[in-house]
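Reproduced below: run_39.txt, with compact mmCIF, C-alpha atoms.
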```
# COMPACT_ATOMS: atom_id res chain seq x y z
CA MET C 267 107.64 50.43 98.95
CA ASN C 268 105.60 51.17 102.05
CA THR C 269 103.18 53.80 103.23
CA VAL C 270 103.94 54.67 106.85
CA THR C 271 101.61 56.91 108.83
CA VAL C 272 102.04 58.24 112.35
CA SER C 273 98.88 59.06 114.31
CA ASP C 274 98.57 60.21 117.94
CA THR C 275 98.83 56.65 119.24
CA THR C 276 99.81 54.35 116.39
CA LEU C 277 102.42 53.73 113.75
CA ARG C 278 100.81 52.12 110.69
CA VAL C 279 102.85 50.36 108.00
CA GLU C 280 101.13 49.36 104.76
CA PRO C 281 103.15 47.59 102.09
CA ARG C 282 102.07 49.02 98.73
CA GLY C 283 100.60 47.04 95.84
CA LEU C 284 102.06 43.58 95.25
CA ASP C 285 104.39 43.99 98.24
CA LYS C 286 101.32 43.08 100.33
CA ILE C 287 101.48 39.64 98.72
CA TRP C 288 105.25 39.12 98.85
CA SER C 289 105.39 40.15 102.49
CA PHE C 290 102.21 38.27 103.49
CA THR C 291 101.21 41.49 105.22
CA ARG C 292 98.42 43.96 104.47
CA CYS C 293 99.00 46.26 107.39
CA LEU C 294 100.98 46.48 110.64
CA ASP C 295 99.65 48.64 113.48
CA ILE C 296 102.17 49.32 116.26
CA PRO C 297 101.28 51.35 119.39
CA LEU C 298 103.66 54.32 119.56
CA ASP C 299 104.77 53.38 123.07
CA HIS C 300 106.21 50.17 121.56
CA VAL C 301 108.33 52.16 119.11
CA ARG C 302 111.87 52.87 120.34
CA GLY C 303 113.11 54.98 117.46
CA ALA C 304 113.77 55.30 113.75
CA THR C 305 116.95 55.71 111.71
CA PHE C 306 117.59 56.61 108.08
CA ASP C 307 119.89 53.69 107.29
CA PRO C 308 120.57 52.86 103.61
CA GLY C 309 123.40 50.52 104.66
CA ALA C 310 120.91 48.21 106.40
CA ASN C 311 120.02 46.66 103.02
CA ALA C 312 123.42 44.96 102.98
CA GLU C 313 123.00 43.30 106.39
CA PRO C 314 122.41 39.54 106.71
CA LYS C 315 118.66 39.01 106.87
CA GLY C 316 118.61 35.53 108.36
CA ILE C 317 116.02 32.86 107.67
CA ARG C 318 112.92 33.79 105.66
CA ARG C 319 109.64 32.72 107.27
CA PRO C 320 107.58 33.49 105.27
CA GLY C 321 108.50 35.99 102.61
CA LEU C 322 110.29 36.78 99.39
CA ALA C 323 114.01 37.14 98.83
CA VAL C 324 115.27 37.92 95.34
CA PRO C 325 118.34 40.02 94.54
CA GLY C 326 117.63 43.60 95.57
CA LYS C 327 114.28 42.82 97.12
CA TRP C 328 113.36 41.38 100.49
CA ALA C 329 109.81 41.23 101.79
CA GLY C 330 108.37 39.38 104.75
CA THR C 331 109.47 38.00 108.09
CA PHE C 332 113.13 37.13 108.63
CA VAL C 333 114.75 35.67 111.73
CA HIS C 334 118.41 36.44 112.42
CA ASP C 335 120.24 35.59 115.67
CA GLY C 336 116.89 34.74 117.26
CA GLU C 337 115.50 38.18 116.44
CA ARG C 338 112.46 38.53 114.23
CA SER C 339 112.40 41.41 111.78
CA PHE C 340 109.91 42.58 109.19
CA TRP C 341 111.54 43.57 105.91
CA ASN C 342 110.03 45.25 102.89
CA VAL C 343 112.92 46.87 101.03
CA SER C 344 113.62 47.34 97.36
CA THR C 345 115.33 50.68 96.67
CA PRO C 346 118.71 50.94 98.36
CA GLY C 347 119.18 54.44 99.66
CA ASP C 348 115.62 54.92 100.89
CA THR C 349 115.72 52.54 103.84
CA VAL C 350 114.45 53.27 107.32
CA VAL C 351 115.01 51.02 110.35
CA ILE C 352 112.37 51.25 113.10
CA THR C 353 113.17 49.47 116.38
CA LEU C 354 110.35 48.10 118.54
CA ALA C 355 109.88 46.75 122.07
CA GLY C 356 107.28 44.24 123.24
CA GLU C 357 106.20 43.44 119.68
CA ARG C 358 106.32 40.37 117.46
CA PHE C 359 109.12 42.05 115.49
CA GLU C 360 112.29 43.52 116.99
CA GLN C 361 112.63 45.83 114.02
CA LEU C 362 111.02 46.91 110.77
CA VAL C 363 113.27 47.58 107.78
CA LEU C 364 111.34 49.51 105.16
CA THR C 365 111.77 51.35 101.88
CA VAL C 366 109.80 54.60 102.08
CA ALA C 367 109.32 57.59 99.78
CA ASP C 368 110.73 60.28 102.09
CA PRO C 369 113.02 58.58 104.63
CA ARG C 370 114.49 61.61 106.43
CA ALA C 371 111.13 63.27 107.01
CA LEU C 372 109.58 60.01 108.22
CA VAL C 373 112.43 59.37 110.66
CA ASP C 374 112.02 62.85 112.15
CA ARG C 375 108.25 62.39 112.40
CA ILE C 376 108.56 59.04 114.20
CA ASN C 377 111.30 60.19 116.60
CA ALA C 378 109.37 63.34 117.46
CA ALA C 379 106.26 61.24 118.16
CA VAL C 380 107.97 58.74 120.49
CA VAL C 381 110.24 61.00 122.57
CA MET Z 184 115.99 44.30 125.29
CA GLY Z 185 116.97 40.62 125.15
CA ARG Z 186 120.61 39.73 125.44
CA THR Z 187 122.89 41.22 128.01
CA ARG Z 188 125.32 43.86 126.82
CA SER Z 189 128.87 42.76 126.43
CA PHE Z 190 130.53 46.08 125.71
CA ASP Z 191 131.84 49.07 127.60
CA GLU Z 192 129.09 51.64 127.13
CA ALA Z 193 131.31 54.63 128.01
CA GLU Z 194 133.87 53.55 125.43
CA VAL Z 195 131.23 53.01 122.75
CA LEU Z 196 129.66 56.43 123.46
CA GLY Z 197 133.08 58.11 123.30
CA ARG Z 198 133.87 56.53 119.93
CA ALA Z 199 130.42 57.37 118.57
CA ALA Z 200 130.86 60.97 119.76
CA LYS Z 201 134.13 61.21 117.82
CA SER Z 202 132.33 60.06 114.65
CA PHE Z 203 129.57 62.62 115.17
CA LEU Z 204 132.19 65.35 115.67
CA ALA Z 205 134.05 64.35 112.51
CA THR Z 206 131.06 64.26 110.16
CA GLY Z 207 128.07 65.76 112.01
CA PHE Z 208 124.85 63.99 112.99
CA GLU Z 209 123.27 63.69 109.53
CA GLY Z 210 126.60 63.03 107.86
CA THR Z 211 127.41 60.04 110.08
CA SER Z 212 125.89 56.84 108.74
CA LEU Z 213 125.12 53.69 110.69
CA ASP Z 214 127.93 52.09 108.68
CA ASP Z 215 130.31 54.76 110.04
CA LEU Z 216 129.11 54.04 113.59
CA VAL Z 217 129.43 50.28 113.12
CA ARG Z 218 133.05 50.87 112.06
CA SER Z 219 133.94 53.37 114.79
CA THR Z 220 132.31 51.53 117.71
CA GLY Z 221 133.23 48.02 116.57
CA LEU Z 222 129.70 46.83 117.40
CA HIS Z 223 127.33 45.06 115.02
CA ARG Z 224 124.45 47.07 113.60
CA GLY Z 225 122.00 44.83 115.47
CA SER Z 226 123.77 45.45 118.80
CA LEU Z 227 123.75 49.23 118.26
CA TYR Z 228 120.03 49.18 117.49
CA GLN Z 229 119.31 46.89 120.41
CA ALA Z 230 121.25 49.04 122.88
CA PHE Z 231 120.27 52.53 121.70
CA GLY Z 232 117.14 52.12 119.54
CA SER Z 233 118.30 54.46 116.77
CA LYS Z 234 121.14 56.69 115.59
CA ARG Z 235 119.38 59.50 117.40
CA GLY Z 236 119.23 57.36 120.58
CA LEU Z 237 122.99 56.82 120.35
CA PHE Z 238 123.62 60.54 119.83
CA VAL Z 239 121.42 61.47 122.81
CA ALA Z 240 123.25 58.94 125.02
CA ALA Z 241 126.61 60.35 123.90
CA LEU Z 242 125.40 63.91 124.50
CA ARG Z 243 124.18 63.00 127.99
CA ALA Z 244 127.51 61.28 128.78
CA ARG Z 245 129.40 64.33 127.43
CA SER Z 246 132.66 62.48 127.38
CA VAL Z 247 134.81 62.49 124.30
CA PRO Z 248 138.17 60.75 124.56
CA ALA Z 249 141.11 63.01 123.81
CA GLU Z 250 144.10 61.81 121.85
CA PRO Z 251 147.64 63.12 122.16
CA GLY Z 252 147.91 66.27 120.10
CA ASP Z 253 144.13 66.62 120.05
CA PRO Z 254 142.82 70.09 120.80
CA GLY Z 255 140.71 68.13 123.35
CA ARG Z 256 143.75 68.28 125.64
CA GLU Z 257 143.81 72.04 125.70
CA GLU Z 258 143.65 73.56 129.17
CA PRO Z 259 140.25 74.99 129.97
CA GLY Z 260 140.47 78.72 130.57
CA PRO Z 261 138.26 81.79 130.64
CA GLY Z 262 135.80 81.60 127.78
CA ARG Z 263 136.91 78.01 127.16
CA GLY Z 264 135.58 74.58 128.04
CA GLU Z 265 136.62 71.13 127.05
CA PRO Z 266 136.66 71.70 123.28
CA ALA Z 267 135.46 68.25 122.16
CA VAL Z 268 132.49 68.42 124.53
CA LEU Z 269 131.67 71.93 123.35
CA ASP Z 270 131.84 70.66 119.76
CA LEU Z 271 129.31 67.94 120.61
CA LEU Z 272 127.02 70.59 122.11
CA LEU Z 273 127.48 72.68 118.96
CA VAL Z 274 126.49 69.73 116.72
CA ALA Z 275 123.46 69.11 118.96
CA THR Z 276 122.46 72.78 118.87
CA LEU Z 277 122.96 73.20 115.14
CA GLU Z 278 121.52 69.95 113.80
CA LEU Z 279 119.09 68.43 116.30
CA ALA Z 280 117.88 71.02 118.81
CA PRO Z 281 115.66 72.89 116.33
CA ARG Z 282 113.54 69.78 115.73
CA ASP Z 283 114.13 67.58 118.75
CA THR Z 284 112.64 68.58 122.10
CA GLU Z 285 114.78 66.18 124.16
CA VAL Z 286 118.07 67.39 122.64
CA ARG Z 287 116.88 70.98 123.06
CA SER Z 288 116.24 70.41 126.75
CA ILE Z 289 119.63 68.71 127.31
CA VAL Z 290 121.41 71.68 125.71
CA GLY Z 291 119.09 74.01 127.62
CA GLU Z 292 120.05 72.43 130.95
CA TRP Z 293 123.73 72.84 130.12
CA LEU Z 294 123.14 76.48 129.19
CA ALA Z 295 121.22 77.12 132.42
CA ASP Z 296 124.24 75.98 134.46
CA ARG Z 297 126.56 78.55 132.88
CA PRO Z 298 125.84 82.23 132.67
CA ASP Z 299 128.62 82.60 130.08
CA ALA Z 300 127.35 79.74 127.89
CA ALA Z 301 126.75 81.85 124.80
CA VAL Z 302 130.26 83.29 124.99
CA VAL Z 303 131.81 79.85 125.60
CA LEU Z 304 129.98 78.28 122.64
CA GLY Z 305 130.58 81.27 120.37
CA THR Z 306 134.27 81.40 121.29
CA ARG Z 307 134.63 77.70 120.60
CA LEU Z 308 132.84 77.99 117.25
CA LEU Z 309 135.25 80.73 116.14
CA ASP Z 310 138.33 78.97 117.59
CA ARG Z 311 137.37 75.82 115.72
CA ALA Z 312 137.17 77.78 112.49
CA GLY Z 313 140.56 79.36 113.12
CA LEU Z 314 138.88 82.74 113.68
CA GLY Z 315 139.23 82.97 117.47
CA ALA Z 316 141.07 85.66 119.42
CA ALA Z 317 143.70 83.05 120.31
CA THR Z 318 144.50 82.58 116.65
CA PRO Z 319 146.25 85.60 115.12
CA ALA Z 320 144.28 86.88 112.18
CA PRO Z 321 146.17 86.66 108.90
CA ALA Z 322 147.73 89.98 107.97
CA PRO Z 323 145.63 91.77 105.43
CA VAL Z 324 147.16 91.80 102.00
CA ILE Z 325 147.19 95.31 100.70
CA ALA Z 326 147.77 95.84 97.05
CA THR Z 327 150.24 98.58 96.39
```

Can the structure from this file be put into structure tokens for me?
Amino acid sequence: MNTVTVSDTTLRVEPRGLDKIWSFTRCLDIPLDHVRGATFDPGANAEPKGIRRPGLAVPGKWAGTFVHDGERSFWNVSTPGDTVVITLAGERFEQLVLTVADPRALVDRINAAVV
Amino acid sequence: MGRTRSFDEAEVLGRAAKSFLATGFEGTSLDDLVRSTGLHRGSLYQAFGSKRGLFVAALRARSVPAEPGDPGREEPGPGRGEPAVLDLLLVATLELAPRDTEVRSIVGEWLADRPDAAVVLGTRLLDRAGLGAATPAPAPVIAT
């Protein structure tokens, strides 16, 4: 689970609790002008993740950095059905795949902030 | 954006538009779009950024392929437009325009070009529901 906050200039992603450890990440701050958009996408959980470096992959839970087809993604997903995909430009990660508490509202908030 | 695109954007937007018309914006999942466009999820995200980005591109292109027997082939006439394109505008107006300034302005520009826009959209909405003037209303059943 992740806490995602949108300020005037920044998207902040904080893995909650032990997910900080599994994902080797305490906090990601992304300037909003590097955010391309967000999508409520439960089906993303079933996609191939690629090579884990570093992170955790156990059935139903993926946390950390994964590289697939030369693209680096940050994953912290556990609950299928509450997944949001955020695409980025000019960042270390091409996309963030996150489980969040209120996916539809978050997607609307991010897309409204980056248009 | 990395790799070069190896797909026909117009074709992909047309197929995506058909999915959005069939199940609405919220009702169309990325899995549906992966199936209808034939592209991988990663390629869709790379090209359009989000499901919303794909919808906005399809709305800007305003081209929905018609199939034989489709109402999309209907001749435009007074109070009519190309039905599939009007349907896409209706989905945009109903689902996204209230909360999305870019979609609102795209629909707004289309409206500004046509003084009869409200009639055209309203007529299409009723036609689509089988309630238009072109469709004879079912005879009222009167109990005797």

Would you mind listing what lies within 8 Å of Phe306 of chain C as a PDB file with C-alpha atoms, in the coordinates of the input, with all atoms listed in the file counted and same-chain residues fewer than 2 positions away left out?
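Output contents, as saved in part-v5.pdb:
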```pdb
ATOM      1  CA  ALA C 304     113.770  55.300 113.750  1.00  0.00           C
ATOM      2  CA  PRO C 308     120.570  52.860 103.610  1.00  0.00           C
ATOM      3  CA  ASP C 348     115.620  54.920 100.890  1.00  0.00           C
ATOM      4  CA  THR C 349     115.720  52.540 103.840  1.00  0.00           C
ATOM      5  CA  VAL C 350     114.450  53.270 107.320  1.00  0.00           C
ATOM      6  CA  VAL C 351     115.010  51.020 110.350  1.00  0.00           C
ATOM      7  CA  PRO C 369     113.020  58.580 104.630  1.00  0.00           C
ATOM      8  CA  ARG C 370     114.490  61.610 106.430  1.00  0.00           C
ATOM      9  CA  VAL C 373     112.430  59.370 110.660  1.00  0.00           C
TER      10      VAL C 373
END
```

So which one's closest to Gly330 of chain C, C:Asn311, C:Ser289, C:Ser344, C:Thr353? Using all atoms listed in the file, please. C:Ser289

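The interatomic distance for the pair atom CA of Ala205 of chain Z and atom CA of Ser219 of chain Z works out to 11.2 Å.
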
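With atom CA of Asn342 of chain C on one side and atom CA of Arg292 of chain C on the other, the separation reads 11.8 Å.
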
Set the cut-off to 12 Å and count all atoms listed in the file: what are the residues of chain C that reach chain Z? Output as an mmCIF file with C-alpha atoms, keeping the file's coordinate frame.
```
data_model
loop_
_atom_site.group_PDB
_atom_site.id
_atom_site.type_symbol
_atom_site.label_atom_id
_atom_site.label_comp_id
_atom_site.auth_asym_id
_atom_site.auth_seq_id
_atom_site.Cartn_x
_atom_site.Cartn_y
_atom_site.Cartn_z
ATOM 1 C CA HIS C 300 106.210 50.170 121.560
ATOM 2 C CA VAL C 301 108.330 52.160 119.110
ATOM 3 C CA ARG C 302 111.870 52.870 120.340
ATOM 4 C CA GLY C 303 113.110 54.980 117.460
ATOM 5 C CA ALA C 304 113.770 55.300 113.750
ATOM 6 C CA THR C 305 116.950 55.710 111.710
ATOM 7 C CA PHE C 306 117.590 56.610 108.080
ATOM 8 C CA ASP C 307 119.890 53.690 107.290
ATOM 9 C CA PRO C 308 120.570 52.860 103.610
ATOM 10 C CA GLY C 309 123.400 50.520 104.660
ATOM 11 C CA ALA C 310 120.910 48.210 106.400
ATOM 12 C CA ASN C 311 120.020 46.660 103.020
ATOM 13 C CA ALA C 312 123.420 44.960 102.980
ATOM 14 C CA GLU C 313 123.000 43.300 106.390
ATOM 15 C CA PRO C 314 122.410 39.540 106.710
ATOM 16 C CA LYS C 315 118.660 39.010 106.870
ATOM 17 C CA HIS C 334 118.410 36.440 112.420
ATOM 18 C CA ASP C 335 120.240 35.590 115.670
ATOM 19 C CA GLY C 336 116.890 34.740 117.260
ATOM 20 C CA GLU C 337 115.500 38.180 116.440
ATOM 21 C CA ARG C 338 112.460 38.530 114.230
ATOM 22 C CA SER C 339 112.400 41.410 111.780
ATOM 23 C CA GLY C 347 119.180 54.440 99.660
ATOM 24 C CA THR C 349 115.720 52.540 103.840
ATOM 25 C CA VAL C 350 114.450 53.270 107.320
ATOM 26 C CA VAL C 351 115.010 51.020 110.350
ATOM 27 C CA ILE C 352 112.370 51.250 113.100
ATOM 28 C CA THR C 353 113.170 49.470 116.380
ATOM 29 C CA LEU C 354 110.350 48.100 118.540
ATOM 30 C CA ALA C 355 109.880 46.750 122.070
ATOM 31 C CA GLY C 356 107.280 44.240 123.240
ATOM 32 C CA GLU C 357 106.200 43.440 119.680
ATOM 33 C CA GLU C 360 112.290 43.520 116.990
ATOM 34 C CA GLN C 361 112.630 45.830 114.020
ATOM 35 C CA LEU C 362 111.020 46.910 110.770
ATOM 36 C CA VAL C 363 113.270 47.580 107.780
ATOM 37 C CA ARG C 370 114.490 61.610 106.430
ATOM 38 C CA ALA C 371 111.130 63.270 107.010
ATOM 39 C CA VAL C 373 112.430 59.370 110.660
ATOM 40 C CA ASP C 374 112.020 62.850 112.150
ATOM 41 C CA ARG C 375 108.250 62.390 112.400
ATOM 42 C CA ILE C 376 108.560 59.040 114.200
ATOM 43 C CA ASN C 377 111.300 60.190 116.600
ATOM 44 C CA ALA C 378 109.370 63.340 117.460
ATOM 45 C CA ALA C 379 106.260 61.240 118.160
ATOM 46 C CA VAL C 380 107.970 58.740 120.490
ATOM 47 C CA VAL C 381 110.240 61.000 122.570
#
```

Residues within 12 Å of (102.1, 51.7, 105.0), file coordinates, counting all atoms listed in the file: what are they? Give the list as a PyMOL selection string. chain C and resi 267-272+276-283+285-286+291-296+342+362+364-367+372

Residues proximal to (134.2, 78.4, 122.7) were defined as those with any atom within 10 Å of that point in the file's coordinates, counting all atoms listed in the file. Which are they, as a list in words? Pro261, Gly262, Arg263, Gly264, Glu265, Pro266, Leu269, Asp270, Leu273, Ala300, Ala301, Val302, Val303, Leu304, Gly305, Thr306, Arg307, Leu308, Leu309, Asp310, Arg311 and Gly315 of chain Z

Do you know which residues are at most 10 Å from segment 237-243 of chain Z counting only C-alpha atoms, after dropping those on the same chain fewer than 4 positions away, and could you put them as a PyMOL selection string? chain Z and resi 192-193+195-201+203+208+216+227-228+230-233+247+268+271-272+274-275+279+285-286+289-290
